[in-house]
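First comes the structure, then the notes that go with it.
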Amino acid sequence: GFPVLGSILARDGYLPRQLHTRGDRLAFSNGIVILAGAAGLLVYAFQAEVTRLIQLYIVGVFVSFTLSQIGMVRHWNRHLATERDPAARRHMHRSRIINAIGGSTTGFVLVIVLLTKFTHGAYIVCIAMPILFLLMRSIKRHYDRVAAELVPTGEDVALPARNHAIVLVSKLHKPTLRAV
C-alpha cells in the first residue's frame, strides 16, 4: 500500500512529487523502488530476524489503527454538528460509539505493546515517526513557499504578440507566463 499512499501524500505536497507519477507499467514505480530499498535496509539492519522486525510492525499497525479510529470519531462529530435527520443521527451516533470503542481498544493495546516491547526494538518506531512527521511538514512548507513564489503578480504579464495560439497549461504561474 505504500506506493499508493505515497502518491496521495505527494499529490497533497507532503512527499516529493516524483512519488505521484506512474511509471511505464502504470504503477507508482518510484514508490515501489523506495519501498524495496527501505525493506532491504531493514532486512540488512536486523539480520533478517523476524522476531526483531516484528516489533516495528506491531507498533506501526497499532498506531495506524488507533489514529484511524480516532479520526473516524472526529469525522462523525463533524457530521453530527450539521445533520438534522433523526435516523441518520442515530446511525452516526452508533458509528461514533463503535469507532470510539475501537480507538480505545487499539490505543490500550498500543500502550501495552510499547511498554512490553520498547526495549526489544519498538523504540525505533517511536524515534522514526516524529522524524518522518517533521520531514513531511518541511516538504509541505517547501512546496508552499515555491507555490507562493510562482503566483503571478501582474508585473510579469507582457503585452500579447500579433501571433495568436492556444497553449494548454496545467497551471498559470510566473514561468508559464514568461514562456507564453
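Chain labels run A, B, ... following the order of the C-alpha cells; each chain numbers its residues from 1, and ligands are numbered from 1 in the order shown.
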
- Query: Within 9 Å of Ser104 of chain A, counting only C-alpha atoms, which residues qualify if same-chain residues fewer than 6 places away don't, as a VMD selection string?
  - Reply: chain A and resid 66 69 to 70

Residue subset to file, keeping N, CA and C atoms, as an mmCIF file, in the first residue's frame:
data_model
loop_
_atom_site.group_PDB
_atom_site.id
_atom_site.type_symbol
_atom_site.label_atom_id
_atom_site.label_comp_id
_atom_site.auth_asym_id
_atom_site.auth_seq_id
_atom_site.Cartn_x
_atom_site.Cartn_y
_atom_site.Cartn_z
ATOM 1 N N THR A 66 -5.158 2.916 15.750
ATOM 2 C CA THR A 66 -5.651 3.862 16.757
ATOM 3 C C THR A 66 -5.947 5.220 16.125
ATOM 4 N N GLN A 69 -9.124 5.100 13.933
ATOM 5 C CA GLN A 69 -10.353 5.061 14.721
ATOM 6 C C GLN A 69 -10.654 6.421 15.347
ATOM 7 N N ILE A 70 -9.636 7.086 15.858
ATOM 8 C CA ILE A 70 -9.836 8.426 16.421
ATOM 9 C C ILE A 70 -10.260 9.405 15.324
#

- Query: Contacts of Thr106 of chain A at 10 Å or less, counting only C-alpha atoms, minus same-chain residues fewer than 3 places along, as a list in words?
  - Reply: Val61, Phe62, Val63, Ser64, Phe65, Thr66, Leu67, Gln69, Ala100, Ile101, Gly102, Gly103, Val109, Leu110, Val111 and Ile112 of chain A

Name the residues of chain A that fall into alpha helix (DSSP H) according to DSSP on the backbone, using the chain letters and numbers of this document, as a tab-separated table (two decimals) with N, CA, C and O atoms, in the first residue's frame.
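Writing done, so here's selection24.tsv:
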chain	number	residue	atom	x	y	z
A	2	PHE	N	2.15	1.18	0.28
A	2	PHE	CA	2.94	2.41	0.34
A	2	PHE	C	2.97	3.18	-0.98
A	2	PHE	O	2.86	4.41	-0.94
A	3	PRO	N	3.13	2.53	-2.14
A	3	PRO	CA	3.18	3.32	-3.37
A	3	PRO	C	1.92	4.17	-3.58
A	3	PRO	O	2.02	5.33	-3.97
A	4	VAL	N	0.75	3.65	-3.28
A	4	VAL	CA	-0.48	4.42	-3.44
A	4	VAL	C	-0.55	5.52	-2.38
A	4	VAL	O	-0.88	6.66	-2.67
A	5	LEU	N	-0.24	5.18	-1.12
A	5	LEU	CA	-0.23	6.17	-0.05
A	5	LEU	C	0.79	7.26	-0.35
A	5	LEU	O	0.52	8.46	-0.17
A	6	GLY	N	1.98	6.87	-0.81
A	6	GLY	CA	2.99	7.85	-1.17
A	6	GLY	C	2.53	8.76	-2.29
A	6	GLY	O	2.82	9.96	-2.29
A	7	SER	N	1.78	8.21	-3.24
A	7	SER	CA	1.24	9.01	-4.33
A	7	SER	C	0.24	10.04	-3.82
A	7	SER	O	0.24	11.20	-4.23
A	8	ILE	N	-0.62	9.62	-2.91
A	8	ILE	CA	-1.62	10.54	-2.34
A	8	ILE	C	-0.93	11.64	-1.53
A	8	ILE	O	-1.26	12.83	-1.65
A	9	LEU	N	0.05	11.26	-0.72
A	9	LEU	CA	0.78	12.25	0.07
A	9	LEU	C	1.59	13.19	-0.83
A	9	LEU	O	1.72	14.38	-0.54
A	10	ALA	N	2.12	12.68	-1.93
A	10	ALA	CA	2.86	13.52	-2.88
A	10	ALA	C	1.91	14.48	-3.58
A	10	ALA	O	2.25	15.65	-3.80
A	11	ARG	N	0.73	14.02	-3.92
A	11	ARG	CA	-0.27	14.90	-4.54
A	11	ARG	C	-0.64	16.05	-3.61
A	11	ARG	O	-0.83	17.18	-4.05
A	29	SER	N	6.09	3.52	-9.78
A	29	SER	CA	7.41	2.89	-9.78
A	29	SER	C	8.34	3.48	-8.74
A	29	SER	O	9.08	2.74	-8.07
A	30	ASN	N	8.34	4.79	-8.58
A	30	ASN	CA	9.24	5.41	-7.62
A	30	ASN	C	8.91	4.96	-6.19
A	30	ASN	O	9.80	4.72	-5.38
A	31	GLY	N	7.62	4.85	-5.87
A	31	GLY	CA	7.22	4.36	-4.55
A	31	GLY	C	7.63	2.92	-4.33
A	31	GLY	O	8.04	2.54	-3.23
A	32	ILE	N	7.53	2.12	-5.38
A	32	ILE	CA	7.92	0.71	-5.28
A	32	ILE	C	9.43	0.61	-5.03
A	32	ILE	O	9.88	-0.19	-4.20
A	33	VAL	N	10.22	1.43	-5.72
A	33	VAL	CA	11.68	1.41	-5.54
A	33	VAL	C	12.04	1.85	-4.12
A	33	VAL	O	12.88	1.22	-3.46
A	34	ILE	N	11.39	2.91	-3.62
A	34	ILE	CA	11.68	3.38	-2.26
A	34	ILE	C	11.28	2.32	-1.23
A	34	ILE	O	12.01	2.06	-0.28
A	35	LEU	N	10.12	1.70	-1.42
A	35	LEU	CA	9.67	0.65	-0.51
A	35	LEU	C	10.64	-0.53	-0.52
A	35	LEU	O	11.00	-1.05	0.54
A	36	ALA	N	11.09	-0.94	-1.69
A	36	ALA	CA	12.03	-2.05	-1.78
A	36	ALA	C	13.35	-1.70	-1.11
A	36	ALA	O	13.94	-2.53	-0.39
A	37	GLY	N	13.82	-0.48	-1.31
A	37	GLY	CA	15.06	-0.05	-0.67
A	37	GLY	C	14.94	-0.02	0.85
A	37	GLY	O	15.84	-0.49	1.57
A	38	ALA	N	13.83	0.53	1.35
A	38	ALA	CA	13.63	0.58	2.80
A	38	ALA	C	13.51	-0.82	3.39
A	38	ALA	O	14.08	-1.11	4.45
A	39	ALA	N	12.80	-1.71	2.69
A	39	ALA	CA	12.66	-3.10	3.17
A	39	ALA	C	14.03	-3.78	3.18
A	39	ALA	O	14.37	-4.51	4.13
A	40	GLY	N	14.81	-3.55	2.14
A	40	GLY	CA	16.15	-4.14	2.09
A	40	GLY	C	17.03	-3.65	3.22
A	40	GLY	O	17.77	-4.43	3.84
A	41	LEU	N	16.97	-2.34	3.52
A	41	LEU	CA	17.74	-1.79	4.64
A	41	LEU	C	17.31	-2.40	5.98
A	41	LEU	O	18.16	-2.73	6.82
A	42	LEU	N	16.00	-2.56	6.18
A	42	LEU	CA	15.52	-3.16	7.43
A	42	LEU	C	15.96	-4.61	7.56
A	42	LEU	O	16.38	-5.05	8.63
A	43	VAL	N	15.87	-5.35	6.47
A	43	VAL	CA	16.29	-6.76	6.50
A	43	VAL	C	17.78	-6.84	6.81
A	43	VAL	O	18.21	-7.67	7.62
A	44	TYR	N	18.56	-5.96	6.20
A	44	TYR	CA	20.00	-5.97	6.46
A	44	TYR	C	20.31	-5.54	7.90
A	44	TYR	O	21.12	-6.17	8.58
A	45	ALA	N	19.66	-4.47	8.36
A	45	ALA	CA	19.94	-3.94	9.70
A	45	ALA	C	19.54	-4.91	10.80
A	45	ALA	O	20.20	-4.97	11.84
A	50	VAL	N	12.98	-12.24	11.99
A	50	VAL	CA	11.58	-11.83	12.05
A	50	VAL	C	11.20	-11.41	13.47
A	50	VAL	O	10.43	-10.46	13.65
A	51	THR	N	11.74	-12.06	14.47
A	51	THR	CA	11.38	-11.72	15.85
A	51	THR	C	11.84	-10.31	16.22
A	51	THR	O	11.23	-9.67	17.07
A	52	ARG	N	12.88	-9.81	15.56
A	52	ARG	CA	13.32	-8.43	15.80
A	52	ARG	C	12.54	-7.45	14.95
A	52	ARG	O	12.23	-6.34	15.39
A	53	LEU	N	12.20	-7.85	13.74
A	53	LEU	CA	11.46	-6.96	12.84
A	53	LEU	C	9.99	-6.80	13.25
A	53	LEU	O	9.38	-5.77	12.98
A	54	ILE	N	9.43	-7.81	13.88
A	54	ILE	CA	8.00	-7.79	14.21
A	54	ILE	C	7.67	-6.67	15.19
A	54	ILE	O	6.54	-6.16	15.19
A	55	GLN	N	8.64	-6.25	16.00
A	55	GLN	CA	8.39	-5.16	16.95
A	55	GLN	C	8.03	-3.87	16.21
A	55	GLN	O	7.12	-3.14	16.63
A	56	LEU	N	8.73	-3.60	15.12
A	56	LEU	CA	8.44	-2.41	14.32
A	56	LEU	C	7.05	-2.51	13.71
A	56	LEU	O	6.29	-1.53	13.69
A	57	TYR	N	6.73	-3.66	13.22
A	57	TYR	CA	5.43	-3.88	12.57
A	57	TYR	C	4.28	-3.71	13.55
A	57	TYR	O	3.30	-3.03	13.26
A	58	ILE	N	4.41	-4.31	14.73
A	58	ILE	CA	3.32	-4.26	15.72
A	58	ILE	C	3.02	-2.82	16.11
A	58	ILE	O	1.87	-2.39	16.13
A	59	VAL	N	4.04	-2.06	16.41
A	59	VAL	CA	3.82	-0.67	16.82
A	59	VAL	C	3.21	0.14	15.67
A	59	VAL	O	2.25	0.89	15.86
A	60	GLY	N	3.74	-0.04	14.47
A	60	GLY	CA	3.20	0.67	13.31
A	60	GLY	C	1.74	0.36	13.06
A	60	GLY	O	0.94	1.25	12.78
A	61	VAL	N	1.38	-0.91	13.16
A	61	VAL	CA	0.00	-1.32	12.92
A	61	VAL	C	-0.94	-0.72	13.97
A	61	VAL	O	-1.98	-0.15	13.63
A	62	PHE	N	-0.56	-0.81	15.23
A	62	PHE	CA	-1.47	-0.31	16.26
A	62	PHE	C	-1.52	1.21	16.31
A	62	PHE	O	-2.56	1.78	16.67
A	63	VAL	N	-0.46	1.88	15.93
A	63	VAL	CA	-0.53	3.35	15.82
A	63	VAL	C	-1.51	3.72	14.71
A	63	VAL	O	-2.37	4.59	14.89
A	64	SER	N	-1.39	3.06	13.56
A	64	SER	CA	-2.29	3.40	12.44
A	64	SER	C	-3.73	3.04	12.76
A	64	SER	O	-4.65	3.80	12.43
A	65	PHE	N	-3.98	1.89	13.40
A	65	PHE	CA	-5.34	1.53	13.78
A	65	PHE	C	-5.93	2.54	14.75
A	65	PHE	O	-7.07	2.98	14.60
A	66	THR	N	-5.16	2.92	15.75
A	66	THR	CA	-5.65	3.86	16.76
A	66	THR	C	-5.95	5.22	16.13
A	66	THR	O	-7.01	5.81	16.37
A	67	LEU	N	-5.02	5.72	15.31
A	67	LEU	CA	-5.24	7.02	14.68
A	67	LEU	C	-6.42	7.01	13.72
A	67	LEU	O	-7.18	7.97	13.64
A	68	SER	N	-6.61	5.91	12.99
A	68	SER	CA	-7.74	5.85	12.06
A	68	SER	C	-9.06	5.81	12.82
A	68	SER	O	-10.04	6.45	12.42
A	69	GLN	N	-9.12	5.10	13.93
A	69	GLN	CA	-10.35	5.06	14.72
A	69	GLN	C	-10.65	6.42	15.35
A	69	GLN	O	-11.80	6.88	15.34
A	70	ILE	N	-9.64	7.09	15.86
A	70	ILE	CA	-9.84	8.43	16.42
A	70	ILE	C	-10.26	9.40	15.32
A	70	ILE	O	-11.12	10.26	15.53
A	71	GLY	N	-9.67	9.25	14.14
A	71	GLY	CA	-10.06	10.09	13.01
A	71	GLY	C	-11.52	9.88	12.62
A	71	GLY	O	-12.22	10.84	12.27
A	72	MET	N	-11.99	8.64	12.71
A	72	MET	CA	-13.39	8.39	12.40
A	72	MET	C	-14.32	8.99	13.46
A	72	MET	O	-15.41	9.47	13.13
A	73	VAL	N	-13.91	8.99	14.72
A	73	VAL	CA	-14.72	9.65	15.75
A	73	VAL	C	-14.82	11.14	15.45
A	73	VAL	O	-15.91	11.72	15.52
A	74	ARG	N	-13.72	11.76	15.07
A	74	ARG	CA	-13.75	13.18	14.70
A	74	ARG	C	-14.64	13.40	13.47
A	74	ARG	O	-15.37	14.39	13.39
A	75	HIS	N	-14.57	12.48	12.52
A	75	HIS	CA	-15.41	12.56	11.32
A	75	HIS	C	-16.89	12.56	11.69
A	75	HIS	O	-17.66	13.39	11.22
A	76	TRP	N	-17.28	11.63	12.56
A	76	TRP	CA	-18.70	11.55	12.97
A	76	TRP	C	-19.09	12.78	13.77
A	76	TRP	O	-20.22	13.26	13.65
A	77	ASN	N	-18.20	13.31	14.59
A	77	ASN	CA	-18.52	14.53	15.35
A	77	ASN	C	-18.78	15.71	14.41
A	77	ASN	O	-19.72	16.49	14.64
A	78	ARG	N	-17.99	15.83	13.36
A	78	ARG	CA	-18.21	16.92	12.39
A	78	ARG	C	-19.54	16.77	11.69
A	78	ARG	O	-20.26	17.74	11.49
A	79	HIS	N	-19.87	15.54	11.28
A	79	HIS	CA	-21.13	15.33	10.58
A	79	HIS	C	-22.34	15.47	11.50
A	79	HIS	O	-23.40	15.90	11.06
A	80	LEU	N	-22.18	15.08	12.74
A	80	LEU	CA	-23.29	15.23	13.69
A	80	LEU	C	-23.63	16.69	13.93
A	80	LEU	O	-24.78	17.02	14.25
A	81	ALA	N	-22.67	17.57	13.80
A	81	ALA	CA	-22.91	19.00	14.02
A	81	ALA	C	-23.85	19.60	12.98
A	81	ALA	O	-24.53	20.58	13.26
A	82	THR	N	-23.91	18.99	11.78
A	82	THR	CA	-24.73	19.57	10.71
A	82	THR	C	-25.95	18.72	10.35
A	82	THR	O	-26.87	19.23	9.71
A	86	PRO	N	-33.17	12.54	12.12
A	86	PRO	CA	-33.01	11.69	13.32
A	86	PRO	C	-32.47	10.29	13.01
A	86	PRO	O	-31.66	9.76	13.77
A	87	ALA	N	-32.90	9.69	11.91
A	87	ALA	CA	-32.42	8.34	11.56
A	87	ALA	C	-30.93	8.37	11.23
A	87	ALA	O	-30.16	7.49	11.67
A	88	ALA	N	-30.52	9.37	10.48
A	88	ALA	CA	-29.10	9.49	10.14
A	88	ALA	C	-28.27	9.79	11.38
A	88	ALA	O	-27.16	9.27	11.54
A	89	ARG	N	-28.80	10.61	12.29
A	89	ARG	CA	-28.09	10.93	13.53
A	89	ARG	C	-27.91	9.68	14.39
A	89	ARG	O	-26.85	9.48	14.99
A	90	ARG	N	-28.95	8.81	14.46
A	90	ARG	CA	-28.81	7.57	15.23
A	90	ARG	C	-27.71	6.70	14.64
A	90	ARG	O	-26.90	6.12	15.37
A	91	HIS	N	-27.71	6.61	13.31
A	91	HIS	CA	-26.66	5.82	12.64
A	91	HIS	C	-25.27	6.41	12.96
A	91	HIS	O	-24.32	5.65	13.23
A	92	MET	N	-25.14	7.73	12.93
A	92	MET	CA	-23.86	8.37	13.21
A	92	MET	C	-23.44	8.18	14.66
A	92	MET	O	-22.25	7.95	14.94
A	93	HIS	N	-24.40	8.25	15.58
A	93	HIS	CA	-24.09	8.01	16.99
A	93	HIS	C	-23.57	6.59	17.19
A	93	HIS	O	-22.58	6.37	17.90
A	94	ARG	N	-24.24	5.62	16.56
A	94	ARG	CA	-23.83	4.22	16.68
A	94	ARG	C	-22.43	4.03	16.09
A	94	ARG	O	-21.57	3.39	16.69
A	95	SER	N	-22.21	4.62	14.92
A	95	SER	CA	-20.88	4.50	14.28
A	95	SER	C	-19.81	5.16	15.13
A	95	SER	O	-18.69	4.64	15.26
A	96	ARG	N	-20.13	6.31	15.73
A	96	ARG	CA	-19.15	7.01	16.57
A	96	ARG	C	-18.81	6.16	17.80
A	96	ARG	O	-17.64	6.08	18.19
A	97	ILE	N	-19.80	5.51	18.39
A	97	ILE	CA	-19.54	4.66	19.55
A	97	ILE	C	-18.66	3.47	19.17
A	97	ILE	O	-17.71	3.13	19.88
A	98	ILE	N	-18.97	2.86	18.02
A	98	ILE	CA	-18.16	1.72	17.56
A	98	ILE	C	-16.71	2.16	17.34
A	98	ILE	O	-15.76	1.49	17.76
A	99	ASN	N	-16.53	3.31	16.67
A	99	ASN	CA	-15.17	3.80	16.42
A	99	ASN	C	-14.47	4.22	17.71
A	99	ASN	O	-13.26	4.04	17.85
A	100	ALA	N	-15.20	4.77	18.67
A	100	ALA	CA	-14.60	5.14	19.96
A	100	ALA	C	-14.14	3.90	20.71
A	100	ALA	O	-13.05	3.89	21.31
A	101	ILE	N	-14.96	2.85	20.69
A	101	ILE	CA	-14.55	1.59	21.33
A	101	ILE	C	-13.32	1.01	20.62
A	101	ILE	O	-12.37	0.57	21.27
A	102	GLY	N	-13.33	1.05	19.30
A	102	GLY	CA	-12.17	0.56	18.54
A	102	GLY	C	-10.93	1.36	18.83
A	102	GLY	O	-9.83	0.80	19.00
A	103	GLY	N	-11.05	2.69	18.90
A	103	GLY	CA	-9.90	3.54	19.20
A	103	GLY	C	-9.36	3.30	20.60
A	103	GLY	O	-8.15	3.26	20.81
A	104	SER	N	-10.28	3.13	21.56
A	104	SER	CA	-9.85	2.87	22.94
A	104	SER	C	-9.15	1.52	23.04
A	104	SER	O	-8.10	1.40	23.70
A	105	THR	N	-9.71	0.53	22.39
A	105	THR	CA	-9.13	-0.82	22.45
A	105	THR	C	-7.75	-0.86	21.80
A	105	THR	O	-6.79	-1.36	22.39
A	106	THR	N	-7.66	-0.33	20.59
A	106	THR	CA	-6.36	-0.36	19.91
A	106	THR	C	-5.36	0.55	20.61
A	106	THR	O	-4.16	0.24	20.64
A	107	GLY	N	-5.81	1.66	21.19
A	107	GLY	CA	-4.91	2.52	21.97
A	107	GLY	C	-4.38	1.81	23.20
A	107	GLY	O	-3.20	1.93	23.55
A	108	PHE	N	-5.26	1.07	23.87
A	108	PHE	CA	-4.86	0.29	25.04
A	108	PHE	C	-3.81	-0.76	24.65
A	108	PHE	O	-2.78	-0.91	25.33
A	109	VAL	N	-4.06	-1.47	23.56
A	109	VAL	CA	-3.10	-2.48	23.09
A	109	VAL	C	-1.79	-1.80	22.70
A	109	VAL	O	-0.71	-2.33	22.97
A	110	LEU	N	-1.86	-0.63	22.07
A	110	LEU	CA	-0.65	0.10	21.69
A	110	LEU	C	0.20	0.43	22.91
A	110	LEU	O	1.43	0.25	22.90
A	111	VAL	N	-0.43	0.90	23.97
A	111	VAL	CA	0.30	1.23	25.20
A	111	VAL	C	0.96	-0.02	25.78
A	111	VAL	O	2.14	0.01	26.18
A	112	ILE	N	0.23	-1.13	25.80
A	112	ILE	CA	0.79	-2.38	26.32
A	112	ILE	C	1.97	-2.83	25.47
A	112	ILE	O	3.02	-3.22	26.00
A	113	VAL	N	1.82	-2.76	24.15
A	113	VAL	CA	2.91	-3.17	23.25
A	113	VAL	C	4.12	-2.27	23.45
A	113	VAL	O	5.26	-2.76	23.50
A	114	LEU	N	3.90	-0.96	23.56
A	114	LEU	CA	5.03	-0.06	23.77
A	114	LEU	C	5.75	-0.34	25.08
A	114	LEU	O	6.98	-0.30	25.14
A	115	LEU	N	4.98	-0.61	26.12
A	115	LEU	CA	5.60	-0.89	27.42
A	115	LEU	C	6.37	-2.21	27.43
A	115	LEU	O	7.44	-2.31	28.03
A	116	THR	N	5.83	-3.21	26.76
A	116	THR	CA	6.48	-4.53	26.81
A	116	THR	C	7.56	-4.71	25.74
A	116	THR	O	8.50	-5.48	25.95
A	117	LYS	N	7.43	-4.06	24.62
A	117	LYS	CA	8.37	-4.28	23.51
A	117	LYS	C	9.31	-3.11	23.26
A	117	LYS	O	10.06	-3.13	22.28
A	123	TYR	N	11.31	1.02	20.21
A	123	TYR	CA	11.77	2.40	20.38
A	123	TYR	C	12.14	3.03	19.04
A	123	TYR	O	12.06	4.25	18.88
A	124	ILE	N	12.54	2.21	18.08
A	124	ILE	CA	12.93	2.73	16.77
A	124	ILE	C	11.75	3.43	16.10
A	124	ILE	O	11.90	4.51	15.51
A	125	VAL	N	10.56	2.85	16.21
A	125	VAL	CA	9.37	3.46	15.63
A	125	VAL	C	9.04	4.77	16.36
A	125	VAL	O	8.64	5.74	15.75
A	126	CYS	N	9.26	4.78	17.67
A	126	CYS	CA	8.99	6.00	18.46
A	126	CYS	C	9.94	7.13	18.07
A	126	CYS	O	9.60	8.30	18.22
A	127	ILE	N	11.09	6.80	17.56
A	127	ILE	CA	12.03	7.82	17.08
A	127	ILE	C	11.74	8.17	15.63
A	127	ILE	O	11.76	9.34	15.24
A	128	ALA	N	11.44	7.16	14.81
A	128	ALA	CA	11.26	7.37	13.37
A	128	ALA	C	9.99	8.16	13.05
A	128	ALA	O	10.00	8.99	12.14
A	129	MET	N	8.90	7.91	13.76
A	129	MET	CA	7.63	8.58	13.44
A	129	MET	C	7.71	10.10	13.56
A	129	MET	O	7.29	10.80	12.64
A	130	PRO	N	8.22	10.65	14.66
A	130	PRO	CA	8.32	12.12	14.72
A	130	PRO	C	9.27	12.69	13.67
A	130	PRO	O	9.02	13.76	13.11
A	131	ILE	N	10.35	11.95	13.37
A	131	ILE	CA	11.29	12.43	12.35
A	131	ILE	C	10.60	12.46	10.99
A	131	ILE	O	10.72	13.44	10.24
A	132	LEU	N	9.86	11.41	10.65
A	132	LEU	CA	9.14	11.38	9.37
A	132	LEU	C	8.07	12.47	9.32
A	132	LEU	O	7.87	13.11	8.29
A	133	PHE	N	7.39	12.69	10.44
A	133	PHE	CA	6.38	13.75	10.51
A	133	PHE	C	7.01	15.11	10.23
A	133	PHE	O	6.48	15.90	9.43
A	134	LEU	N	8.12	15.41	10.89
A	134	LEU	CA	8.79	16.69	10.68
A	134	LEU	C	9.32	16.82	9.26
A	134	LEU	O	9.27	17.90	8.66
A	135	LEU	N	9.83	15.73	8.70
A	135	LEU	CA	10.31	15.74	7.33
A	135	LEU	C	9.18	16.04	6.35
A	135	LEU	O	9.32	16.87	5.44
A	136	MET	N	8.03	15.40	6.57
A	136	MET	CA	6.88	15.63	5.68
A	136	MET	C	6.36	17.07	5.82
A	136	MET	O	5.98	17.69	4.82
A	137	ARG	N	6.37	17.61	7.02
A	137	ARG	CA	5.94	19.00	7.20
A	137	ARG	C	6.90	19.96	6.52
A	137	ARG	O	6.47	20.96	5.93
A	138	SER	N	8.20	19.68	6.56
A	138	SER	CA	9.16	20.56	5.91
A	138	SER	C	9.03	20.48	4.38
A	138	SER	O	9.18	21.49	3.70
A	139	ILE	N	8.73	19.31	3.85
A	139	ILE	CA	8.49	19.18	2.41
A	139	ILE	C	7.26	20.00	2.01
A	139	ILE	O	7.27	20.73	1.01
A	140	LYS	N	6.19	19.92	2.80
A	140	LYS	CA	4.98	20.69	2.53
A	140	LYS	C	5.27	22.19	2.57
A	140	LYS	O	4.83	22.94	1.70
A	141	ARG	N	6.04	22.63	3.57
A	141	ARG	CA	6.39	24.06	3.67
A	141	ARG	C	7.19	24.51	2.45
A	141	ARG	O	6.98	25.60	1.92
A	142	HIS	N	8.12	23.66	2.01
A	142	HIS	CA	8.92	23.99	0.83
A	142	HIS	C	8.02	24.15	-0.39
A	142	HIS	O	8.14	25.14	-1.12
A	143	TYR	N	7.12	23.20	-0.62
A	143	TYR	CA	6.23	23.30	-1.78
A	143	TYR	C	5.31	24.51	-1.67
A	143	TYR	O	5.00	25.16	-2.68
A	144	ASP	N	4.87	24.85	-0.47
A	144	ASP	CA	4.02	26.04	-0.29
A	144	ASP	C	4.80	27.31	-0.60
A	144	ASP	O	4.26	28.24	-1.21
A	145	ARG	N	6.07	27.38	-0.17
A	145	ARG	CA	6.90	28.55	-0.47
A	145	ARG	C	7.14	28.69	-1.97
A	145	ARG	O	7.06	29.79	-2.52
A	146	VAL	N	7.43	27.57	-2.63
A	146	VAL	CA	7.65	27.61	-4.07
A	146	VAL	C	6.38	28.05	-4.79
A	146	VAL	O	6.42	28.88	-5.71
A	147	ALA	N	5.22	27.53	-4.37
A	147	ALA	CA	3.95	27.92	-4.98
A	147	ALA	C	3.68	29.40	-4.79
A	147	ALA	O	3.18	30.08	-5.71
A	148	ALA	N	4.01	29.94	-3.61
A	148	ALA	CA	3.81	31.37	-3.37
A	148	ALA	C	4.71	32.22	-4.25
A	148	ALA	O	4.31	33.30	-4.71
A	149	GLU	N	5.94	31.74	-4.51
A	149	GLU	CA	6.85	32.48	-5.40
A	149	GLU	C	6.37	32.47	-6.84
A	149	GLU	O	6.66	33.38	-7.60
A	150	LEU	N	5.65	31.42	-7.24
A	150	LEU	CA	5.24	31.28	-8.63
A	150	LEU	C	3.92	31.98	-8.95
A	150	LEU	O	3.52	32.02	-10.10
A	174	LYS	N	4.26	32.12	-12.87
A	174	LYS	CA	5.26	33.00	-13.49
A	174	LYS	C	6.04	32.36	-14.64
A	174	LYS	O	6.13	32.96	-15.71
A	175	PRO	N	6.59	31.16	-14.48
A	175	PRO	CA	7.32	30.57	-15.60
A	175	PRO	C	6.43	30.34	-16.82
A	175	PRO	O	6.87	30.52	-17.96
A	176	THR	N	5.18	29.97	-16.61
A	176	THR	CA	4.25	29.77	-17.73
A	176	THR	C	4.01	31.09	-18.45
A	176	THR	O	4.02	31.14	-19.68
A	177	LEU	N	3.78	32.15	-17.69
A	177	LEU	CA	3.55	33.46	-18.30
A	177	LEU	C	4.77	33.92	-19.10
A	177	LEU	O	4.63	34.47	-20.19
A	178	ARG	N	5.97	33.69	-18.57
A	178	ARG	CA	7.18	34.07	-19.29
A	178	ARG	C	7.32	33.28	-20.59
A	178	ARG	O	7.73	33.81	-21.61
A	179	ALA	N	6.98	31.97	-20.53
A	179	ALA	CA	7.11	31.13	-21.73
A	179	ALA	C	6.11	31.56	-22.80
A	179	ALA	O	6.41	31.53	-23.99
